[in-house]
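In what follows, a structure is listed as structure tokens, so that the remarks can point back to it.
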Number of protein chains: 2
Amino acid sequence: MSNRKATVYVRLKDGVLDPQGVTIQRAILNMGYDMVSSVKSGRFFELEIDAEDGDVEARINEICGKLLANPVIENFQVEFEK
Amino acid sequence: MSNRKATVYVRLKDGVLDPQGVTIQRAILNMGYDMVSSVKSGRFFELEIDAEDGDVEARINEICGKLLANPVIENFQVEFEK
């Protein structure tokens, strides 16, 4: 059984408001640093995968679309290692 | 004024419980996929930086330790582009 690692990055789609990012950008400004002009927030998930067949990538993409990201407002990107 | 981008990755330290990751791993199992043996969750922040001097990296590290990560339970890693 092969052992692989995948990292899934979930970002808000362009045009979707990111209140967490805006709040952090303001907080950085309030700390006295004026060089950060924009902050975008995102989530990532590191998955350990035990699988034999070559169909893993399709299934991981399925899991992302159904569970890890909200496809209405978020995009995801999967990077496979090994 | 130069324009740079930095991405900050925030992960839980080894040994710190990750209930979100455990819950997602179980949910994947309940969806009928048995090939994901572990899930670790993390956050990332994409910063746009307007700065002239070369001291930016030190200041970004300061911001991470004070604001973006909780150094008691989290590690952060900064990647600069451009």
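By order of appearance in the structure tokens: chains A, B, ..., then residues from 1 within every chain, and ligands from 1 in the order shown.
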8 Å contact set for range 58-66 of chain B, only C-alpha atoms, chain neighbours under 2 positions out, as a PyMOL selection string: (chain A and resi 28) or (chain B and resi 8+55-56+68-71+76+78)
Preceding selection exported with C-alpha atoms as a PDB file, in the first residue's frame:
```
ATOM      1  CA  ILE A  28      -1.644  45.190  11.618  1.00  0.00           C
TER       2      ILE A  28
ATOM      3  CA  VAL B   8       2.158  32.920   6.026  1.00  0.00           C
ATOM      4  CA  ASP B  55      13.860  45.094   6.968  1.00  0.00           C
ATOM      5  CA  VAL B  56      10.479  43.818   5.816  1.00  0.00           C
ATOM      6  CA  LEU B  68      -1.338  35.731  13.024  1.00  0.00           C
ATOM      7  CA  ALA B  69      -0.180  32.763  15.097  1.00  0.00           C
ATOM      8  CA  ASN B  70      -0.527  31.805  18.728  1.00  0.00           C
ATOM      9  CA  PRO B  71       3.072  30.866  19.536  1.00  0.00           C
ATOM     10  CA  PHE B  76       4.297  29.717  11.436  1.00  0.00           C
ATOM     11  CA  VAL B  78       6.639  32.703   5.905  1.00  0.00           C
TER      12      VAL B  78
END
```
Within 7 Å of Met35 in chain B using only C-alpha atoms, minus same-chain residues under 4 positions, as a PyMOL selection string: chain A and resi 49-51
Output all heavy atoms for every residue in the selection just made, as a PDB file, in the first residue's frame.
```pdb
ATOM      1  N   ILE A  49      -2.561   9.821   2.816  1.00  0.00           N
ATOM      2  CA  ILE A  49      -3.393   8.945   1.999  1.00  0.00           C
ATOM      3  C   ILE A  49      -2.758   7.569   1.873  1.00  0.00           C
ATOM      4  O   ILE A  49      -1.587   7.451   1.505  1.00  0.00           O
ATOM      5  CB  ILE A  49      -3.573   9.553   0.585  1.00  0.00           C
ATOM      6  CG1 ILE A  49      -4.167  10.954   0.703  1.00  0.00           C
ATOM      7  CG2 ILE A  49      -4.437   8.666  -0.286  1.00  0.00           C
ATOM      8  CD1 ILE A  49      -4.056  11.748  -0.561  1.00  0.00           C
ATOM      9  N   ASP A  50      -3.530   6.527   2.205  1.00  0.00           N
ATOM     10  CA  ASP A  50      -3.114   5.140   1.963  1.00  0.00           C
ATOM     11  C   ASP A  50      -3.961   4.624   0.825  1.00  0.00           C
ATOM     12  O   ASP A  50      -5.156   4.378   1.017  1.00  0.00           O
ATOM     13  CB  ASP A  50      -3.394   4.258   3.185  1.00  0.00           C
ATOM     14  CG  ASP A  50      -2.603   4.714   4.397  1.00  0.00           C
ATOM     15  OD1 ASP A  50      -1.452   5.135   4.210  1.00  0.00           O
ATOM     16  OD2 ASP A  50      -3.139   4.637   5.503  1.00  0.00           O
ATOM     17  N   ALA A  51      -3.381   4.442  -0.321  1.00  0.00           N
ATOM     18  CA  ALA A  51      -4.195   3.956  -1.436  1.00  0.00           C
ATOM     19  C   ALA A  51      -3.309   3.281  -2.462  1.00  0.00           C
ATOM     20  O   ALA A  51      -2.147   3.653  -2.646  1.00  0.00           O
ATOM     21  CB  ALA A  51      -4.964   5.096  -2.075  1.00  0.00           C
TER      22      ALA A  51
END
```
Residues of chain A within 10 Å of chain B, counting only C-alpha atoms, as a VMD selection string: chain A and resid 3 to 11 20 to 21 24 to 25 27 to 28 31 33 to 52 56 59 to 60 63 to 64 66 to 68
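Within 7 Å of Leu12 in chain B, once only C-alpha atoms are used and residues closer than 6 positions along the same chain are dropped, the contacting residues are B:Ile73, B:Glu74, B:Asn75.
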Just all heavy atoms for this one: save the residues we selected as a CSV table (one decimal), in the first residue's frame.
```
chain,number,residue,atom,x,y,z
B,73,ILE,N,0.8,27.4,20.9
B,73,ILE,CA,0.3,26.1,20.3
B,73,ILE,C,0.6,26.1,18.8
B,73,ILE,O,0.4,25.0,18.2
B,73,ILE,CB,-1.2,25.9,20.5
B,73,ILE,CG1,-2.0,27.1,20.0
B,73,ILE,CG2,-1.5,25.7,22.0
B,73,ILE,CD1,-3.5,26.7,19.9
B,74,GLU,N,1.0,27.1,18.2
B,74,GLU,CA,1.2,27.1,16.7
B,74,GLU,C,2.6,27.5,16.2
B,74,GLU,O,3.2,28.3,16.9
B,74,GLU,CB,0.1,28.1,16.1
B,74,GLU,CG,-1.3,27.7,16.2
B,74,GLU,CD,-2.3,28.7,15.8
B,74,GLU,OE1,-2.0,29.9,16.0
B,74,GLU,OE2,-3.4,28.3,15.3
B,75,ASN,N,2.9,27.0,15.1
B,75,ASN,CA,4.1,27.4,14.4
B,75,ASN,C,3.7,28.2,13.2
B,75,ASN,O,2.7,27.9,12.6
B,75,ASN,CB,5.0,26.2,13.9
B,75,ASN,CG,5.6,25.5,15.1
B,75,ASN,OD1,6.1,26.1,16.0
B,75,ASN,ND2,5.7,24.1,15.0
```
Expected answer as JSON, numbers by chain: helix (DSSP H, G or I) residues in chain B: {"B": [19, 20, 21, 22, 23, 24, 25, 26, 27, 28, 29, 30, 56, 57, 58, 59, 60, 61, 62, 63, 64, 65, 66, 67, 68]}
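Relative to CA of Glu57 in chain A, CA of Gly32 in chain B is found at 15.6 Å.
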Chain A: residues DSSP assigns to strand (DSSP E), reported as an NGL selection string: :A and (2-12 or 36-51 or 74-81)
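A straight line drawn from CA of Thr23 in chain B to CA of Asp18 in chain A is 24.7 Å long.
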